[in-house]
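Here is the structure we will look at.
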Amino acid sequence: AEICITSMDNYPLYIRSIPTQGELKFHYTVHTSLDVVEEKISGVGKALADQRELYLGLLYPTEDYKVYGYVTNSKVKFVIVVDSSNTSLRDNEIRSMFRKLHNSFTDVMCNPFYNPGDPIQSKAFDSIVSTMMVQAC
Amino acid sequence: MAQCVQSVQEFIQDSFVPMVAVLCSEDAERVTRKNSLSFPELLRPFCRLTSEGHLRDPNNQVVVVKGLRISVTGINTRPPQTPEMHRLLSQAVSVCQPPEGSPANVITAGDYDLNISDRTVKASVPWYSDWKETLTQLSSSKYYTATTPWFETYRENFLQSMPASEHEFLNHYLACMLVVSSCEAVPTEQFLKLSQEQHRIQHSGEYTHPKWFIPNTLKYYVLLHDISEGDEQRADSVYEDMKQRYGTQGCYLLKINSRSGSTGADEQMPDPWSQYLHKTSIHNPVKSAVSNAVENNIDGPLVFADDNETHPLQLDQPTDAGYPSNNASQSVNNVDMTRPQKQASVTSHTTPTPRGTCLTLNDHDHIRQFIQEFTFRGLLPHIEKNIRQLNDQLVSRKGLSRSLFSATKKLFGGGKVPEKSIAELKNTAGLLYPSEAPELQIRKMADLCFLVQHYELAYNCYHTAKKDFLSDQAMLYAAGALEMAAVAAFLQSGAPRPYPAHYMDTAIQTYRDVCKNMLLAERCCLLSAEILKSQTKYSDAATLLIKMTSEDSDLRSALLLEQAAHCFINMRGPMVRKFAFHMILAGHRFSKAGQKRHALRCYCQALQVYKGKGWALAEDHINFTIGRQSFTLRQPDNAVAAFRHILINDSKQSAVQQTAFLREYLYVYKVRNTHRLLLRLTGMYSTSCIMEALTLFSTGEKQAATHVSLDQEFDRDLSPLWRELEERVVAVVNRGAVPITFQPSQCCLNSQTDNLRYPLAVVEEPIIVEVVFRNPLKIPLALSALCLLWKFTPKDFSDPQGNTAGETITNEKASLKETMALNDIIDTQVIPEFTISPEETKVARLKLLPHKTGELHVLGVVYNLGTGEVDNSEGSLAEDLMCVRGQQNLEIQGPRLNMTKEEKTSVTYGPDHRLDPIITPLMPLLEVFFINFPTGLLCGEIRKAWVEFVNVSAVPLTGLRVASTHPEFFTFGSAASDLTPCILLLIHLFSFCILRN
């Protein structure tokens, strides 16, 4: 499973994946999925602006993984990749995971010493992500 | 999918063309051989008709045939075997490379500018000549301007090498040309012989190949007349005779070879064969001996000379039972078993011998006329007749039997057996019909209509055929009908119905899953993707192409993936990242297929998307692959650049990975074997430089009286203090006035000091440069033989003009011997070993000792770089292997200027001369030590301290003076008798501050 956060301009802010040996593959997956995210944003842009639905749902399923996406109002993208075999995670769980992730991301942003656009280096954030990863795997 | 040079319609029409076989007599073959061409090859450039043809369909409507192309091949031509075909296709693809250095093609997609370098067709159209057309083209094709010629080559070769299949008739022979030379003893007899031969091949059942469209194949009798040799009147009379016998529409007298030999060879003649024959050698490997000989002739006359005369028409492959071959007759000649070996050795093309040397432009016209005559008088009426016949059959069958049959079929239930095929074998693809089964008649008619561009009727027939086949569960046939129905529907002008993409999908699926015929599935996929592309349904096309990739063929998968990538970028909202990802996949498959150049190109294109976006792992992976591929392709410069990229950035790779990268890099670099390279592994971020550095140490109670030290931080508060003090001393010496030229002396320069002036250094006094190295990697680095690089211009300052007294010299490219000599001018200290631990920042102090006066410029540092894990047991050998010479230039940016308005509004930097000292002649050098200098004092306490002045220089020192900010704290004791009364001393001590507090 992997959790990734990218900035407005699709620079990665935070990437974390377990197990680590397949990291490159995860990175490629996430990077490619950004196209789908962008397509979804531009496609629904106006219609959904009022509803403030940030969760994009399943971006696309591959043979081994499911890729979910989430976009904040400032166009920061969250992507979660989980094993296809993992059936315990349904849409609602993923949604709440994203919400949790968003909250802690907001906390990071509130840190006056954090420079927006820099990679996230925060112990609190790390630990939250770690607990989510445990849940996801 | 990338833009193709051909339009879709053209492409599809050219994929399915009427096939014509050629059976040649020996003498006729000899006539064409004069031009180093076989008869089919001779005709090939003229096989596209320029004028329109007409025929009437069964409803007596006129059908216009435009731009028809026919395919003329030798009767014993057969498609290559599968491994052979793979080899040829891969060869075709590897030959076709994007031209290097062509104008780059930039596709702007979102915030990405992609540089897709290949041939641009549009750009080559002169703007003024066709401005309107160009404009519309440009506006309609906003995105897709990238072409991929290798893909088109592949596709063309692939389609042409498709083996003829049972379930369709499109590439079965429609007609056969029988060619006899006029110089034959009895041409008519020869015609009879060839005709029998053709009949035997088609009907005897001995051969499963070639396949024939209709039982009564059109025979077209061609009398070939060699103008330079033969008797023209005799030829004419034979032709008259032929006309009587075969009718005016069934024979032709072709006169060629008006020019005898190479008499007028100097005349410039267009060579229409060049583009065709080059291809021929690729996609028509099984040639008659003649074309084979042509190829041999191209490559070297020695192979050509021996047997072309004796075997004008021979197979160059071992006999295959299915194909007509040797033992039959003279015209289909002996198999030469030695041939394959020769063939194998013939691979590379040298300069080709000119083809068609005996042909004048008139002859070209003759051939063109001949093809037109053949097509319009022979082939089209033949097709028209057959369509009518088939139509009549079908109508009669439909009227009565159709309903009857279906009724009986329903009656008998499950046994869905087509008539006459009870004994047919059933395979996985469903049943097989015999070649003349009534079910196939409608398919035949459809194919005929398709070939003569009557797409509406063709579509209707295909559609009906499809239903029949499906009800019979003949899956292969049904898939074929579906495929062609879709194509026909697309090609119908005016488009009465939308393109049925689902037909194609079903066809592909059936071909692949039910029939296990990847070739057909691939063909279907190529057609469908091209059609979808033309309808800007890029996403569908991409899905289709990606689905077609599989494990069994890397080359195909690579090409299709690449096309899919192009589809992604051509979408209305370009999907750049998907493009990049599929490019990488394509690159991977290319490299598996051995197409290194294409692989490299794919990776390079993908890199544009990943570059500098923070996706470090992916970027590293691409760079690493590019590095490897470039290296194997002997582009070491690119390889080094790519590898450097991996190491230069703050790499997120593990230490093990980094070690591997570094090793690879060093190896590549070593092989590259040049000495000039900037190795920016180590980030240098500050340089301090000490002039006339005093090598003083505090030993015991002796304390060096200096504030100049490398270890000391620059103190912004103190420096004006020192400056003021110095100014006062100078004022006193000059009797109250500070000279205008006064400059405070600075001994230690760093980024915070004022470095506008060239610092002064003294000959025979060391200059120390401090360079900070940082190791960004997670592995230790061992630098060895670290020393400074400099440039020196000797000058004699005693000469009032200050003329240059010598050439500028540098140690930049000095060999070992020269270095020794250079050490006499400027002694360069070499640090033998300098290890930097992982992610460490370490300072290196490098010393120069000038022996001559002049202007010195410190340029940079050089070092040997190793992996830092060379153990001592292996000794210097291993070190030699894994060490490269690196160079790091020291480029110092001066302070940002912020004085004038102009400077404030723009970013400009001032000069920085701290590394450009001027070496002055010898000066006195004073060393001062305090002895027993107190570190702490009580209020009102008086202590005695000694000061020791030593002049270490050879030049005498006079006029020593002592200045102090607080003169009231000092007094010279009685032992000052040996001090001269007038002493200039600049003692600048930070201990003063302590005293004051």
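Scheme for the structure tokens: letters A, B, ... for chains in order shown; per-chain residue numbers from 1; ligand numbers from 1 in order shown.
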
Taking only C-alpha atoms into account and nothing else, which residues of chain B lie no more than 10 Å away from chain A? Please answer as a CSV table (one decimal) with C-alpha atoms, in the first residue's frame.
chain,number,residue,atom,x,y,z
B,111,ASP,CA,2.4,22.8,-18.6
B,568,PHE,CA,-2.7,9.6,-24.7
B,573,GLY,CA,-7.0,16.8,-22.4
B,574,PRO,CA,-3.5,15.4,-23.1
B,575,MET,CA,-2.5,12.8,-20.5
B,576,VAL,CA,1.1,13.5,-20.3
B,577,ARG,CA,1.9,11.2,-17.4
B,578,LYS,CA,0.2,8.3,-19.0
B,579,PHE,CA,2.1,9.1,-22.1
B,580,ALA,CA,5.3,9.0,-20.2
B,581,PHE,CA,4.5,5.8,-18.4
B,582,HIS,CA,3.6,4.0,-21.5
B,584,ILE,CA,8.7,3.7,-20.4
B,610,TYR,CA,9.6,13.1,-15.1
B,612,GLY,CA,12.8,17.9,-12.4
B,613,LYS,CA,9.4,17.2,-10.9
B,614,GLY,CA,10.6,15.7,-7.8
B,615,TRP,CA,9.8,12.1,-8.7
B,616,ALA,CA,13.2,11.1,-7.7
B,617,LEU,CA,13.0,7.3,-7.8
B,618,ALA,CA,11.3,7.2,-11.2
B,619,GLU,CA,13.7,9.8,-12.6
B,620,ASP,CA,16.7,7.8,-11.3
B,621,HIS,CA,15.4,4.7,-12.8

Selection near Glu439 in chain B, 8 Å with only C-alpha atoms, sequence-local residues under 3 positions removed, as a list in words: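 Result of the neighbour search: Pro418, Tyr433, Ile442, Arg443, Ala465, Asp468 and Phe469 of chain B.
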
I'd like the interatomic distance between CA of Met445 in chain B and CA of Gln9 in chain B, to a tenth of an Å.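 If I compute the distance from CA of Met445 in chain B to CA of Gln9 in chain B, I get 21.2 Å.
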
Of the candidates B:Cys787, B:Val733, B:Trp212, B:Thr148, which shows the shortest atom-to-atom distance to Arg601 in chain B, using only C-alpha atoms?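 Between B:Cys787, B:Val733, B:Trp212, B:Thr148, the residue approaching Arg601 in chain B most closely is B:Thr148.
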
For Lys847 in chain B, work out the shell of residues within 8 Å, counting only C-alpha atoms and skipping chain neighbours fewer than 4 positions away, then give it as a ChimeraX atom specification. /B:766-769,788,828-829

Could those selected residues go to a file with N, CA and C atoms, as a CSV table (one decimal), in the first residue's frame?
chain,number,residue,atom,x,y,z
B,766,PRO,N,53.0,31.3,1.6
B,766,PRO,CA,51.9,30.4,1.2
B,766,PRO,C,50.6,31.0,1.1
B,767,ILE,N,49.8,30.6,0.1
B,767,ILE,CA,48.4,31.0,0.0
B,767,ILE,C,47.6,29.7,0.3
B,768,ILE,N,46.7,29.9,1.2
B,768,ILE,CA,45.9,28.7,1.5
B,768,ILE,C,44.4,28.9,1.1
B,769,VAL,N,43.9,28.0,0.4
B,769,VAL,CA,42.5,28.1,0.0
B,769,VAL,C,41.7,27.0,0.7
B,788,LEU,N,45.0,22.1,-6.1
B,788,LEU,CA,44.4,23.2,-6.7
B,788,LEU,C,44.8,23.3,-8.2
B,828,THR,N,52.5,23.5,-5.7
B,828,THR,CA,51.1,23.1,-5.4
B,828,THR,C,51.1,21.9,-4.5
B,829,GLN,N,50.4,22.1,-3.4
B,829,GLN,CA,50.4,21.1,-2.4
B,829,GLN,C,49.3,20.1,-2.8

List every residue of chain A that DSSP, applied to the backbone of this structure, places in helix (DSSP H, G or I), and write the result as an MDAnalysis selection string. chainID A and resid 20:44 91:110 123:136

Long-range neighbours of range 27-30 of chain B as a PyMOL selection string, 7 Å cut-off, only C-alpha atoms, 2 positions minimum in chain: chain B and resi 24-25+32-34+38-39+179-181+184+224+312

So which residues touch range 936-949 of chain B within 7 Å, counting only C-alpha atoms, skipping near sequence neighbours fewer than 6 positions away, as a list in words?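 In the requested form, the answer reads Leu926, Glu927, Val928, Phe929 and Phe930 of chain B.
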
For Glu53 in chain A, work out the shell of residues within 10 Å, counting only C-alpha atoms and skipping chain neighbours fewer than 6 positions away, then give it as number ranges by chain. A: 70-73

So how many Å separate CA of Glu765 in chain B and CA of Leu922 in chain B, to one decimal? 8.6 Å

Pick the closest to Ile80 in chain A from A:Asn103, A:Ser96, A:Thr20, A:Gln121: which is it, counting only C-alpha atoms?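 The shortest atom-to-atom distance to Ile80 in chain A comes from A:Ser96.
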
Interatomic distance between CA of Ser953 in chain B and CA of Pro720 in chain B?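 Interatomic distance here is 28.6 Å.
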
From a DSSP pass on the backbone, collect the residues of chain A flagged as strand (DSSP E or B) and hand them back as a count of residues only. 32
